[in-house]
Amino acid sequence: MTDIEFMDCAERVLLAVEASCDRINDATNVDIDNQRTGGMVTLVFANRSQIVINLQKPLHEIWVASKCGGFHYQFDGKQWMDTKGQGEFFAMLSLFGSEQSGSALSFVPR
């Protein structure tokens, strides 16, 4: 994967995260403040806990920091998978967001 391909693919992930936040905010009582700065999205929940999603262009990875720990995701040609076998990006983000918000949340690719 070239740097340009990585950035195109990873940008779609960040846009999907932002769209999921909008959908969740519109459809539920959960209030997620999503803040975008370049290749980083910070999700802030009502209890002030955060999830930070950050693009790592040199490594072609997406990094996620949550209360559950830090995770690195690489694209396998179909989806973004954790480099240590912990699972797929959107499934894990749904789990992390659910734990931090106290409500069942679903983050999905576009």
# chains A, B, ... in the order shown; residues from 1 in each chain; ligands from 1

$ residues_around --residues "Phe107 of chain A" --least-positions-apart "3" --cutoff "8 Å" --atoms "only C-alpha atoms" --output "PyMOL selection string"
chain A and resi 16-17+20-21+90-91+93-94

$ residues_around --residues "Met7 of chain A" --least-positions-apart "2" --cutoff "12 Å" --atoms "only C-alpha atoms" --output "NGL selection string"
:A and (1-5 or 9-15 or 38-39 or 54-62 or 75)

$ select_by_dssp --residues "chain A" --states "strand (DSSP E or B)" --output "JSON, numbers by chain"
{"A": [33, 34, 35, 36, 37, 40, 41, 42, 43, 44, 50, 51, 52, 53, 54, 55, 56, 61, 62, 63, 64, 65, 66, 69, 70, 71, 72, 73, 74, 75, 80, 81, 82, 88]}

$ select_by_dssp --residues "chain A" --states "helix (DSSP H, G or I)" --output "ChimeraX atom specification"
/A:3-27,57-59,89-101

$ closest_residue --among "A:Ile53, A:Val30, A:Met81, A:Ala65" --to "Ser101 of chain A" --atoms "only C-alpha atoms"
A:Val30

$ residues_around --residues "segment 66-71 of chain A" --least-positions-apart "2" --cutoff "9 Å" --atoms "only C-alpha atoms" --output "NGL selection string"
:A and (49-53 or 62-64 or 73 or 82-84 or 86 or 93 or 96-97 or 99-100)

$ closest_residue --among "A:Met40, A:Ala46, A:Ala27, A:Val108" --to "Leu95 of chain A" --atoms "only C-alpha atoms"
A:Val108

$ closest_residue --among "A:Asp76, A:Asn47, A:Asp22, A:Gly102" --to "Gln35 of chain A" --atoms "only C-alpha atoms"
A:Asp22

$ closest_residue --among "A:Phe45, A:Gly85, A:Pro109, A:Met92" --to "Asn25 of chain A" --atoms "only C-alpha atoms"
A:Phe45
